[in-house]
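Each remark here refers to the structure printed beneath this line.
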Amino acid sequence: MKTFLSILSIKTNNFSNEKIVVGLLAVSANQVFYAYSKDKLKVLNKISHQDNLSNFAESILNQIKKKIDKTNKENFSFQESLSLKKELFSEEYFNYLSNYNNGILNFSKPYEINYLFSTLDFEKYYKNFVGALVEPENKEIKLTLHKKIKPYFDKKGLEEKADLNYTLHSANFKGVLQDCQIPLITKNGNINALQAIDFNMHPNTITHHLYETKIIFDALSNFAPKINSSVDKIKIAFEEPKLKSKQHILLDLALKEYKDIFKFISPDKVDSFTDKILNSKNSKFSSFI
């Protein structure tokens, strides 16, 4: 699934064409990602001969943010047609935003990334290109699901009894068309695995993760007889999204449709799950491949 990236820079000198990179824009099939560095904007006045360049640049960047927020809000519904998505999420979108170009702001020529893009991917590229971390919109930083459960995977000795961030290769598992990862997989008689799905993400992303985990379960079920084993329900670490939201509707459907193959657990249950692995005779799943 294609994503287009464009680097945002501000021209600080009209004569020498000097620029400073201040932000990044990424347009995927699921979301438009956008951020700029307020710290970099603060130094513009010091290195430029133009008066109040920082304030002027931030005003333009804020206009773009409002336009992108509106795009994310209005154009990502289940009712939206595929033809509209194809038209919206292309290089044409950058041409649309380039209307804000006025000799000071510059969008680099977009280049293509051919995989499903996530918030973590955006943060990584933002750090590489802008040289800073994505700044939170408010001072209260809410931990993501993955950050909440990460300490439970860092327990001493766990990686000796379970594979962490294990990759199921398409060449080894029937039904897996593209290599995919699962956070934890182990074996103690039966094969036992854990997935983490953030139900606060965009509905399309949630659906993708659910489908992928279903494929993983089917692939493991097909493989298990080869090692005289079977597969327990895959544990899905999650947090309940806002009631009546599209994400909650998806959660309700998943609880109903996947009740025979998934077991949904809260983040704190991951703690006890990994403790149980440490205190049992579990083995790494990879040792049976």
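In the structure tokens, the first chain shown is A, the next is B, and so on; residue numbers restart at 1 for each chain, and ligands run from 1 in the order shown.
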- Query: Quick one: residues within 8 Å of range 173-179 of chain A, only C-alpha atoms counted, chain neighbours fewer than 3 positions away excluded, as a list in words?
  - Reply: Thr167, Leu168, His169, Ser170, Ile215, Ile216, Asp218, Ala219, Leu220, Asn222 and Phe223 of chain A
- Item | All alpha helix (DSSP H) residues (DSSP, backbone) inside range 82-263 of chain A, as a ChimeraX atom specification | /A:82-88,91-97,119-130,145-153,203-223,246-257
- Message: From the options A:Val130, A:Leu24, A:Ala196, A:Ile234, which residue's atoms come nearest to Lys150 in chain A, counting only C-alpha atoms?
- Response: A:Ala196
- Item | Selected residue, from A:Leu53, A:Leu133, A:Ile60, A:Ile68, that lies nearest to Ser37 in chain A when counting only C-alpha atoms | A:Leu133
- Message: Could you list, as a ChimeraX atom specification, every residue within 12 Å of Tyr258 in chain A, counting only C-alpha atoms and ignoring same-chain residues fewer than 3 positions away?
- Response: /A:210-211,213-214,217,233-236,250-255,261-264
Grab the residues selected above and save them as a compact mmCIF listing (two decimals), in the first residue's frame with C-alpha atoms.
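This went into selection20.txt:
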# COMPACT_ATOMS: atom_id res chain seq x y z
CA LEU A 210 -7.25 -8.25 12.49
CA TYR A 211 -7.08 -9.83 9.04
CA THR A 213 -3.72 -12.01 12.78
CA LYS A 214 -6.43 -14.30 11.35
CA PHE A 217 -3.70 -18.18 13.25
CA LYS A 233 -6.44 -18.89 20.87
CA ILE A 234 -4.18 -15.97 19.99
CA LYS A 235 -4.22 -13.45 22.80
CA ILE A 236 -5.02 -9.93 21.60
CA LEU A 250 -15.05 -2.88 14.96
CA LEU A 251 -14.13 -4.19 18.41
CA ASP A 252 -17.67 -5.49 18.97
CA LEU A 253 -17.60 -7.23 15.58
CA ALA A 254 -14.17 -8.75 16.30
CA LEU A 255 -15.28 -10.04 19.72
CA ILE A 261 -9.67 -18.09 17.65
CA PHE A 262 -8.84 -14.89 19.58
CA LYS A 263 -8.85 -14.09 23.29
CA PHE A 264 -8.92 -10.35 23.98
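Proximity to Lys38 in chain A at 10 Å, evaluated using only C-alpha atoms and with sequence-adjacent residues fewer than 6 positions away removed, yields Val22, Gly23, Ser54, Glu58 and Glu135 of chain A.
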What does the file look like for those residues with N, CA and C atoms, as an mmCIF file, in the first residue's frame?
data_model
loop_
_atom_site.group_PDB
_atom_site.id
_atom_site.type_symbol
_atom_site.label_atom_id
_atom_site.label_comp_id
_atom_site.auth_asym_id
_atom_site.auth_seq_id
_atom_site.Cartn_x
_atom_site.Cartn_y
_atom_site.Cartn_z
ATOM 1 N N VAL A 22 12.008 21.884 8.237
ATOM 2 C CA VAL A 22 11.218 22.107 9.457
ATOM 3 C C VAL A 22 10.112 21.084 9.670
ATOM 4 N N GLY A 23 9.781 20.284 8.648
ATOM 5 C CA GLY A 23 8.661 19.363 8.836
ATOM 6 C C GLY A 23 8.620 18.258 7.810
ATOM 7 N N SER A 54 9.780 33.636 11.509
ATOM 8 C CA SER A 54 9.277 32.518 12.320
ATOM 9 C C SER A 54 7.762 32.545 12.422
ATOM 10 N N GLU A 58 5.182 29.871 10.726
ATOM 11 C CA GLU A 58 4.290 29.073 11.564
ATOM 12 C C GLU A 58 2.832 29.282 11.182
ATOM 13 N N GLU A 135 6.640 16.400 18.070
ATOM 14 C CA GLU A 135 6.217 17.070 19.296
ATOM 15 C C GLU A 135 4.740 16.793 19.567
#
